[in-house]
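**Q** I am sharing work_12.cif, which consists of mmCIF, N, CA and C atoms:
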```
data_final
loop_
_atom_site.label_atom_id
_atom_site.label_comp_id
_atom_site.auth_asym_id
_atom_site.auth_seq_id
_atom_site.Cartn_x
_atom_site.Cartn_y
_atom_site.Cartn_z
N ARG A 1 41.32 36.79 -17.80
CA ARG A 1 41.97 36.00 -18.84
C ARG A 1 41.00 34.97 -19.35
N GLN A 2 40.85 34.86 -20.65
CA GLN A 2 39.93 33.92 -21.27
C GLN A 2 40.63 32.60 -21.51
N GLY A 3 39.80 31.50 -21.44
CA GLY A 3 40.34 30.17 -21.70
C GLY A 3 40.55 29.96 -23.18
N PRO A 4 41.23 28.85 -23.56
CA PRO A 4 41.54 28.59 -24.97
C PRO A 4 40.27 28.40 -25.81
N LEU A 5 39.21 27.83 -25.22
CA LEU A 5 38.00 27.60 -25.99
C LEU A 5 37.34 28.93 -26.35
N VAL A 6 37.31 29.86 -25.42
CA VAL A 6 36.72 31.17 -25.69
C VAL A 6 37.55 31.90 -26.74
N GLN A 7 38.88 31.77 -26.66
CA GLN A 7 39.73 32.42 -27.66
C GLN A 7 39.48 31.84 -29.04
N VAL A 8 39.35 30.51 -29.10
CA VAL A 8 39.14 29.86 -30.40
C VAL A 8 37.78 30.24 -30.95
N LEU A 9 36.74 30.24 -30.11
CA LEU A 9 35.40 30.60 -30.58
C LEU A 9 35.37 32.04 -31.06
N GLY A 10 36.00 32.92 -30.31
CA GLY A 10 36.05 34.33 -30.71
C GLY A 10 36.77 34.51 -32.02
N SER A 11 37.86 33.79 -32.20
CA SER A 11 38.63 33.90 -33.43
C SER A 11 37.88 33.31 -34.60
N ALA A 12 37.17 32.22 -34.38
CA ALA A 12 36.45 31.57 -35.47
C ALA A 12 35.30 32.44 -35.94
N ARG A 13 34.65 33.14 -35.02
CA ARG A 13 33.55 34.02 -35.40
C ARG A 13 34.05 35.17 -36.28
N ARG A 14 35.23 35.65 -35.98
CA ARG A 14 35.78 36.76 -36.75
C ARG A 14 36.41 36.28 -38.06
N GLY A 15 36.52 34.95 -38.22
CA GLY A 15 37.11 34.44 -39.44
C GLY A 15 38.62 34.42 -39.40
N CYS A 16 39.22 34.51 -38.22
CA CYS A 16 40.67 34.52 -38.08
C CYS A 16 41.12 33.17 -37.61
N SER A 17 42.40 33.00 -37.57
CA SER A 17 42.96 31.75 -37.08
C SER A 17 42.86 31.73 -35.57
N ALA A 18 42.82 30.54 -34.99
CA ALA A 18 42.64 30.38 -33.56
C ALA A 18 43.89 30.73 -32.79
N ALA A 19 45.01 30.65 -33.40
CA ALA A 19 46.25 30.86 -32.68
C ALA A 19 46.60 32.34 -32.67
N PRO A 20 47.33 32.77 -31.65
CA PRO A 20 47.83 34.14 -31.66
C PRO A 20 48.75 34.33 -32.85
N GLN A 21 49.04 35.57 -33.16
CA GLN A 21 49.76 35.86 -34.40
C GLN A 21 51.13 35.21 -34.47
N GLY A 22 51.77 34.96 -33.36
CA GLY A 22 53.08 34.33 -33.39
C GLY A 22 53.01 32.84 -33.58
N GLU A 23 51.81 32.23 -33.47
CA GLU A 23 51.69 30.77 -33.54
C GLU A 23 50.92 30.33 -34.77
N VAL A 24 51.00 31.05 -35.84
CA VAL A 24 50.26 30.74 -37.05
C VAL A 24 50.65 29.38 -37.59
N GLY A 25 51.86 29.01 -37.55
CA GLY A 25 52.31 27.74 -38.11
C GLY A 25 51.77 26.55 -37.34
N ARG A 26 51.62 26.66 -36.01
CA ARG A 26 51.17 25.53 -35.20
C ARG A 26 49.70 25.24 -35.42
N ALA A 27 48.84 26.23 -35.53
CA ALA A 27 47.41 26.03 -35.64
C ALA A 27 46.98 25.83 -37.08
N GLY A 28 47.86 25.94 -38.01
CA GLY A 28 47.52 25.72 -39.39
C GLY A 28 47.33 27.02 -40.13
N GLY A 29 47.07 28.09 -39.44
CA GLY A 29 46.99 29.39 -40.05
C GLY A 29 45.79 29.63 -40.92
N SER A 30 44.77 28.77 -40.90
CA SER A 30 43.61 28.98 -41.76
C SER A 30 42.33 28.92 -40.93
N VAL A 31 41.28 29.39 -41.53
CA VAL A 31 39.98 29.36 -40.87
C VAL A 31 39.54 27.92 -40.68
N ALA A 32 39.81 27.07 -41.64
CA ALA A 32 39.45 25.65 -41.55
C ALA A 32 40.16 25.01 -40.37
N GLY A 33 41.38 25.36 -40.11
CA GLY A 33 42.11 24.82 -38.97
C GLY A 33 41.50 25.28 -37.66
N ALA A 34 41.05 26.54 -37.61
CA ALA A 34 40.41 27.06 -36.41
C ALA A 34 39.08 26.35 -36.17
N GLN A 35 38.35 26.10 -37.23
CA GLN A 35 37.08 25.41 -37.09
C GLN A 35 37.29 23.97 -36.62
N ASP A 36 38.31 23.32 -37.13
CA ASP A 36 38.62 21.96 -36.68
C ASP A 36 38.96 21.95 -35.20
N GLU A 37 39.70 22.94 -34.76
CA GLU A 37 40.07 23.05 -33.35
C GLU A 37 38.83 23.27 -32.48
N VAL A 38 37.94 24.15 -32.95
CA VAL A 38 36.70 24.41 -32.20
C VAL A 38 35.87 23.14 -32.12
N VAL A 39 35.73 22.41 -33.21
CA VAL A 39 34.96 21.17 -33.23
C VAL A 39 35.56 20.16 -32.26
N ARG A 40 36.89 20.03 -32.28
CA ARG A 40 37.56 19.09 -31.38
C ARG A 40 37.30 19.46 -29.93
N GLN A 41 37.42 20.75 -29.61
CA GLN A 41 37.19 21.17 -28.23
C GLN A 41 35.72 21.01 -27.83
N LEU A 42 34.82 21.26 -28.75
CA LEU A 42 33.39 21.06 -28.45
C LEU A 42 33.08 19.59 -28.21
N GLU A 43 33.74 18.70 -28.97
CA GLU A 43 33.55 17.27 -28.75
C GLU A 43 34.00 16.89 -27.36
N VAL A 44 35.12 17.45 -26.91
CA VAL A 44 35.63 17.18 -25.56
C VAL A 44 34.62 17.67 -24.52
N VAL A 45 34.09 18.88 -24.75
CA VAL A 45 33.12 19.44 -23.81
C VAL A 45 31.85 18.59 -23.77
N VAL A 46 31.37 18.18 -24.94
CA VAL A 46 30.16 17.36 -25.00
C VAL A 46 30.37 16.04 -24.29
N LYS A 47 31.53 15.41 -24.50
CA LYS A 47 31.83 14.15 -23.81
C LYS A 47 31.85 14.36 -22.30
N ALA A 48 32.44 15.45 -21.86
CA ALA A 48 32.48 15.75 -20.42
C ALA A 48 31.07 15.98 -19.88
N GLN A 49 30.23 16.67 -20.65
CA GLN A 49 28.86 16.90 -20.21
C GLN A 49 28.06 15.59 -20.13
N HIS A 50 28.28 14.72 -21.11
CA HIS A 50 27.61 13.42 -21.08
C HIS A 50 28.05 12.62 -19.87
N GLY A 51 29.32 12.66 -19.58
CA GLY A 51 29.83 11.97 -18.39
C GLY A 51 29.20 12.52 -17.12
N LYS A 52 29.10 13.84 -17.05
CA LYS A 52 28.49 14.47 -15.87
C LYS A 52 27.01 14.12 -15.77
N ILE A 53 26.31 14.09 -16.90
CA ILE A 53 24.89 13.72 -16.91
C ILE A 53 24.72 12.30 -16.39
N ASP A 54 25.57 11.37 -16.88
CA ASP A 54 25.49 9.98 -16.41
C ASP A 54 25.76 9.90 -14.92
N GLU A 55 26.76 10.66 -14.46
CA GLU A 55 27.10 10.67 -13.03
C GLU A 55 25.91 11.17 -12.21
N LEU A 56 25.27 12.24 -12.69
CA LEU A 56 24.12 12.78 -11.97
C LEU A 56 22.94 11.82 -11.99
N ARG A 57 22.75 11.10 -13.08
CA ARG A 57 21.67 10.10 -13.14
C ARG A 57 21.91 9.00 -12.12
N LYS A 58 23.15 8.53 -12.04
CA LYS A 58 23.47 7.49 -11.06
C LYS A 58 23.25 8.02 -9.64
N LEU A 59 23.65 9.25 -9.43
CA LEU A 59 23.47 9.88 -8.12
C LEU A 59 21.99 10.02 -7.80
N LEU A 60 21.19 10.37 -8.80
CA LEU A 60 19.75 10.53 -8.60
C LEU A 60 19.09 9.19 -8.30
N ASP A 61 19.53 8.13 -8.96
CA ASP A 61 18.97 6.80 -8.70
C ASP A 61 19.24 6.36 -7.27
N GLY A 62 20.38 6.72 -6.73
CA GLY A 62 20.73 6.33 -5.38
C GLY A 62 20.37 7.38 -4.35
N SER A 63 19.72 8.45 -4.78
CA SER A 63 19.41 9.55 -3.87
C SER A 63 18.16 9.26 -3.07
N PRO A 64 17.85 10.11 -2.13
CA PRO A 64 16.61 9.96 -1.36
C PRO A 64 15.37 9.98 -2.24
N CYS A 65 15.47 10.59 -3.42
CA CYS A 65 14.32 10.57 -4.34
C CYS A 65 14.01 9.13 -4.74
N GLY A 66 15.05 8.34 -5.01
CA GLY A 66 14.86 6.93 -5.32
C GLY A 66 14.32 6.19 -4.12
N VAL A 67 14.82 6.55 -2.95
CA VAL A 67 14.33 5.94 -1.72
C VAL A 67 12.87 6.33 -1.51
N THR A 68 12.54 7.58 -1.79
CA THR A 68 11.17 8.05 -1.64
C THR A 68 10.24 7.27 -2.57
N ALA A 69 10.69 7.01 -3.78
CA ALA A 69 9.87 6.23 -4.71
C ALA A 69 9.66 4.81 -4.18
N ALA A 70 10.70 4.22 -3.61
CA ALA A 70 10.57 2.88 -3.05
C ALA A 70 9.63 2.89 -1.85
N ILE A 71 9.74 3.92 -1.02
CA ILE A 71 8.85 4.03 0.13
C ILE A 71 7.40 4.18 -0.34
N ALA A 72 7.20 5.00 -1.36
CA ALA A 72 5.84 5.20 -1.90
C ALA A 72 5.29 3.89 -2.44
N GLN A 73 6.12 3.12 -3.13
CA GLN A 73 5.69 1.82 -3.66
C GLN A 73 5.32 0.88 -2.51
N ASN A 74 6.14 0.85 -1.46
CA ASN A 74 5.83 0.02 -0.30
C ASN A 74 4.54 0.47 0.36
N ASP A 75 4.32 1.78 0.43
CA ASP A 75 3.09 2.29 1.01
C ASP A 75 1.88 1.86 0.20
N ARG A 76 1.99 1.91 -1.13
CA ARG A 76 0.89 1.48 -1.98
C ARG A 76 0.58 -0.01 -1.76
N GLU A 77 1.63 -0.82 -1.67
CA GLU A 77 1.43 -2.25 -1.43
C GLU A 77 0.80 -2.49 -0.07
N GLU A 78 1.27 -1.74 0.94
CA GLU A 78 0.73 -1.88 2.29
C GLU A 78 -0.75 -1.47 2.34
N ILE A 79 -1.10 -0.39 1.64
CA ILE A 79 -2.49 0.06 1.59
C ILE A 79 -3.36 -0.99 0.92
N ALA A 80 -2.89 -1.57 -0.17
CA ALA A 80 -3.66 -2.60 -0.86
C ALA A 80 -3.87 -3.81 0.05
N ARG A 81 -2.82 -4.20 0.77
CA ARG A 81 -2.92 -5.35 1.68
C ARG A 81 -3.91 -5.05 2.81
N LEU A 82 -3.81 -3.84 3.38
CA LEU A 82 -4.70 -3.47 4.48
C LEU A 82 -6.15 -3.36 4.01
N GLU A 83 -6.36 -2.86 2.79
CA GLU A 83 -7.72 -2.79 2.27
C GLU A 83 -8.32 -4.19 2.09
N LYS A 84 -7.49 -5.13 1.63
CA LYS A 84 -7.97 -6.50 1.48
C LYS A 84 -8.29 -7.10 2.84
N GLU A 85 -7.40 -6.90 3.83
CA GLU A 85 -7.66 -7.40 5.17
C GLU A 85 -8.93 -6.77 5.74
N ASN A 86 -9.10 -5.48 5.53
CA ASN A 86 -10.28 -4.78 6.02
C ASN A 86 -11.54 -5.38 5.41
N SER A 87 -11.50 -5.64 4.11
CA SER A 87 -12.64 -6.25 3.44
C SER A 87 -12.94 -7.63 4.02
N ASP A 88 -11.88 -8.43 4.24
CA ASP A 88 -12.05 -9.77 4.82
C ASP A 88 -12.66 -9.67 6.22
N TYR A 89 -12.18 -8.72 7.02
CA TYR A 89 -12.70 -8.55 8.37
C TYR A 89 -14.16 -8.11 8.35
N ARG A 90 -14.50 -7.23 7.41
CA ARG A 90 -15.90 -6.80 7.31
C ARG A 90 -16.81 -7.97 6.97
N LEU A 91 -16.36 -8.83 6.05
CA LEU A 91 -17.15 -10.01 5.71
C LEU A 91 -17.31 -10.93 6.92
N ALA A 92 -16.22 -11.11 7.68
CA ALA A 92 -16.27 -11.97 8.86
C ALA A 92 -17.22 -11.37 9.91
N VAL A 93 -17.18 -10.07 10.10
CA VAL A 93 -18.08 -9.42 11.06
C VAL A 93 -19.53 -9.60 10.63
N HIS A 94 -19.79 -9.42 9.34
CA HIS A 94 -21.15 -9.58 8.83
C HIS A 94 -21.64 -11.01 9.07
N ARG A 95 -20.78 -11.98 8.77
CA ARG A 95 -21.14 -13.39 8.97
C ARG A 95 -21.39 -13.68 10.44
N LEU A 96 -20.52 -13.16 11.33
CA LEU A 96 -20.68 -13.40 12.76
C LEU A 96 -21.93 -12.73 13.32
N LYS A 97 -22.28 -11.55 12.80
CA LYS A 97 -23.51 -10.90 13.24
C LYS A 97 -24.72 -11.73 12.85
N ALA A 98 -24.68 -12.30 11.63
CA ALA A 98 -25.79 -13.15 11.19
C ALA A 98 -25.89 -14.39 12.08
N GLU A 99 -24.76 -14.98 12.43
CA GLU A 99 -24.77 -16.15 13.32
C GLU A 99 -25.29 -15.77 14.70
N LEU A 100 -24.92 -14.59 15.20
CA LEU A 100 -25.39 -14.13 16.50
C LEU A 100 -26.90 -13.93 16.50
N GLN A 101 -27.43 -13.35 15.44
CA GLN A 101 -28.88 -13.18 15.35
C GLN A 101 -29.60 -14.53 15.35
N LYS A 102 -29.04 -15.49 14.63
CA LYS A 102 -29.63 -16.83 14.59
C LYS A 102 -29.59 -17.48 15.97
N ALA A 103 -28.43 -17.35 16.64
CA ALA A 103 -28.30 -17.92 17.98
C ALA A 103 -29.28 -17.25 18.95
N ARG A 104 -29.48 -15.96 18.84
CA ARG A 104 -30.44 -15.26 19.72
C ARG A 104 -31.87 -15.73 19.44
N ARG A 105 -32.19 -15.91 18.15
CA ARG A 105 -33.54 -16.41 17.82
C ARG A 105 -33.73 -17.82 18.39
N ASP A 106 -32.71 -18.68 18.20
CA ASP A 106 -32.80 -20.03 18.75
C ASP A 106 -32.91 -20.00 20.27
N ASN A 107 -32.15 -19.13 20.92
CA ASN A 107 -32.19 -19.00 22.37
C ASN A 107 -33.59 -18.56 22.82
N ASP A 108 -34.15 -17.60 22.12
CA ASP A 108 -35.49 -17.12 22.45
C ASP A 108 -36.52 -18.24 22.29
N THR A 109 -36.40 -19.00 21.21
CA THR A 109 -37.32 -20.12 20.96
C THR A 109 -37.19 -21.15 22.08
N LEU A 110 -35.96 -21.47 22.47
CA LEU A 110 -35.76 -22.46 23.54
C LEU A 110 -36.29 -21.94 24.88
N ARG A 111 -36.12 -20.65 25.16
CA ARG A 111 -36.67 -20.08 26.40
C ARG A 111 -38.18 -20.23 26.45
N LYS A 112 -38.81 -19.93 25.30
CA LYS A 112 -40.26 -20.05 25.24
C LYS A 112 -40.70 -21.50 25.43
N ALA A 113 -39.98 -22.42 24.81
CA ALA A 113 -40.31 -23.84 24.96
C ALA A 113 -40.12 -24.28 26.41
N ASN A 114 -39.04 -23.84 27.05
CA ASN A 114 -38.81 -24.19 28.46
C ASN A 114 -39.91 -23.60 29.35
N ARG A 115 -40.33 -22.39 29.06
CA ARG A 115 -41.39 -21.76 29.84
C ARG A 115 -42.69 -22.55 29.69
N ARG A 116 -42.99 -22.96 28.44
CA ARG A 116 -44.21 -23.76 28.22
C ARG A 116 -44.14 -25.08 28.97
N LEU A 117 -42.98 -25.74 28.89
CA LEU A 117 -42.85 -27.02 29.59
C LEU A 117 -42.96 -26.84 31.11
N ARG A 118 -42.34 -25.79 31.63
CA ARG A 118 -42.43 -25.54 33.07
C ARG A 118 -43.87 -25.25 33.48
N ASP A 119 -44.55 -24.46 32.67
CA ASP A 119 -45.95 -24.15 32.96
C ASP A 119 -46.81 -25.42 32.91
N MET A 120 -46.54 -26.30 31.95
CA MET A 120 -47.29 -27.57 31.85
C MET A 120 -47.05 -28.42 33.08
N LEU A 121 -45.78 -28.50 33.53
CA LEU A 121 -45.48 -29.30 34.71
C LEU A 121 -46.15 -28.71 35.96
N GLU A 122 -46.12 -27.40 36.08
CA GLU A 122 -46.76 -26.78 37.23
C GLU A 122 -48.27 -26.98 37.17
N HIS A 123 -48.86 -26.88 36.00
CA HIS A 123 -50.30 -27.07 35.84
C HIS A 123 -50.68 -28.51 36.17
N ASP A 124 -49.90 -29.48 35.69
CA ASP A 124 -50.16 -30.89 35.99
C ASP A 124 -49.97 -31.14 37.48
N GLY A 125 -49.03 -30.49 38.12
CA GLY A 125 -48.77 -30.69 39.55
C GLY A 125 -49.90 -30.17 40.39
N ARG A 126 -50.53 -29.09 40.01
CA ARG A 126 -51.65 -28.55 40.78
C ARG A 126 -52.91 -29.37 40.53
N ALA A 127 -53.06 -29.89 39.36
CA ALA A 127 -54.27 -30.63 39.01
C ALA A 127 -54.30 -32.00 39.70
N SER A 128 -53.16 -32.60 39.88
CA SER A 128 -53.14 -33.93 40.49
C SER A 128 -53.03 -33.80 42.00
N SER A 129 -53.58 -34.73 42.69
CA SER A 129 -53.53 -34.73 44.15
C SER A 129 -52.94 -36.03 44.62
N PRO A 130 -52.47 -36.05 45.86
CA PRO A 130 -51.88 -37.30 46.35
C PRO A 130 -52.93 -38.42 46.37
N GLY A 131 -52.55 -39.57 45.93
CA GLY A 131 -53.45 -40.73 45.88
C GLY A 131 -53.59 -41.39 47.26
N PRO A 132 -54.37 -42.45 47.31
CA PRO A 132 -54.60 -43.12 48.58
C PRO A 132 -53.33 -43.72 49.16
N SER A 133 -52.37 -44.08 48.34
CA SER A 133 -51.15 -44.68 48.87
C SER A 133 -50.11 -43.63 49.20
N GLY A 134 -50.41 -42.34 48.98
CA GLY A 134 -49.48 -41.27 49.27
C GLY A 134 -48.55 -40.98 48.10
N THR A 135 -48.89 -41.40 46.90
CA THR A 135 -48.08 -41.11 45.72
C THR A 135 -48.63 -39.88 45.02
N LEU A 136 -47.79 -39.21 44.38
CA LEU A 136 -48.17 -38.02 43.64
C LEU A 136 -47.95 -38.31 42.16
N SER A 137 -48.95 -38.03 41.34
CA SER A 137 -48.80 -38.32 39.91
C SER A 137 -48.73 -37.02 39.13
N PHE A 138 -47.79 -36.99 38.21
CA PHE A 138 -47.61 -35.83 37.30
C PHE A 138 -47.73 -36.34 35.88
N GLY A 139 -48.80 -36.03 35.24
CA GLY A 139 -48.98 -36.36 33.82
C GLY A 139 -48.80 -37.83 33.55
N GLY A 140 -49.26 -38.70 34.36
CA GLY A 140 -49.20 -40.13 34.14
C GLY A 140 -48.05 -40.79 34.85
N ALA A 141 -47.08 -40.04 35.36
CA ALA A 141 -45.97 -40.64 36.10
C ALA A 141 -46.27 -40.52 37.58
N SER A 142 -45.96 -41.54 38.33
CA SER A 142 -46.24 -41.53 39.77
C SER A 142 -44.93 -41.42 40.54
N ILE A 143 -45.02 -40.63 41.62
CA ILE A 143 -43.85 -40.49 42.50
C ILE A 143 -44.27 -41.02 43.86
N GLY A 144 -43.53 -41.95 44.33
CA GLY A 144 -43.87 -42.52 45.64
C GLY A 144 -43.25 -41.75 46.76
N GLU A 145 -43.73 -42.00 48.02
CA GLU A 145 -43.18 -41.30 49.17
C GLU A 145 -41.85 -41.82 49.56
#
```
Kindly present the structure from the file in structure tokens form.
**A**
Amino acid sequence: RQGPLVQVLGSARRGCSAAPQGEVGRAGGSVAGAQDEVVRQLEVVVKAQHGKIDELRKLLDGSPCGVTAAIAQNDREEIARLEKENSDYRLAVHRLKAELQKARRDNDTLRKANRRLRDMLEHDGRASSPGPSGTLSFGGASIGE
């Protein structure tokens, strides 16, 4: 059994009235009346389709696809933040490595200076001998017994 819309469309294509033969008076009995009925029914269908489209759009906005888009946006923000932190950490590491090299050079310089001073003290200690009073002199300083 066909619905009223299919009957009306079929009748309009053939140029007949939309109503069955016993209902000529109700539908107007003319092709123009059938066309008006088809237009009215199509308007109802179009409105229903628009409503369904809006409903599906709302459903799509609240669907996991919308959630997926939000997750993707959060991931992009997180990646940007992590890249910035990574860059900051790389700069800090570079700066700390430079400071470490400087500290090692300073440490090496101080070791060499300490070695020279120790060698000077040992050299002065061997060169000087105990004096007549029993004092020992190191580079001009005297140590008593």
**Q** Work out how far apart atom N of Leu110 (chain A) and atom N of Val93 (chain A) are and give it in Å to one decimal.
**A**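 Distance between the two atoms: 25.2 Å.
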**Q** Can you tell me how far atom N of Arg115 (chain A) sits from atom N of Ala103 (chain A), in Å to one decimal?
**A** 17.9 Å
**Q** Just the number, please: distance in Å from atom N of Arg90 (chain A) to atom N of Arg76 (chain A), one decimal.
**A**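 We find that atom N of Arg90 (chain A) and atom N of Arg76 (chain A) lie 20.7 Å from each other.
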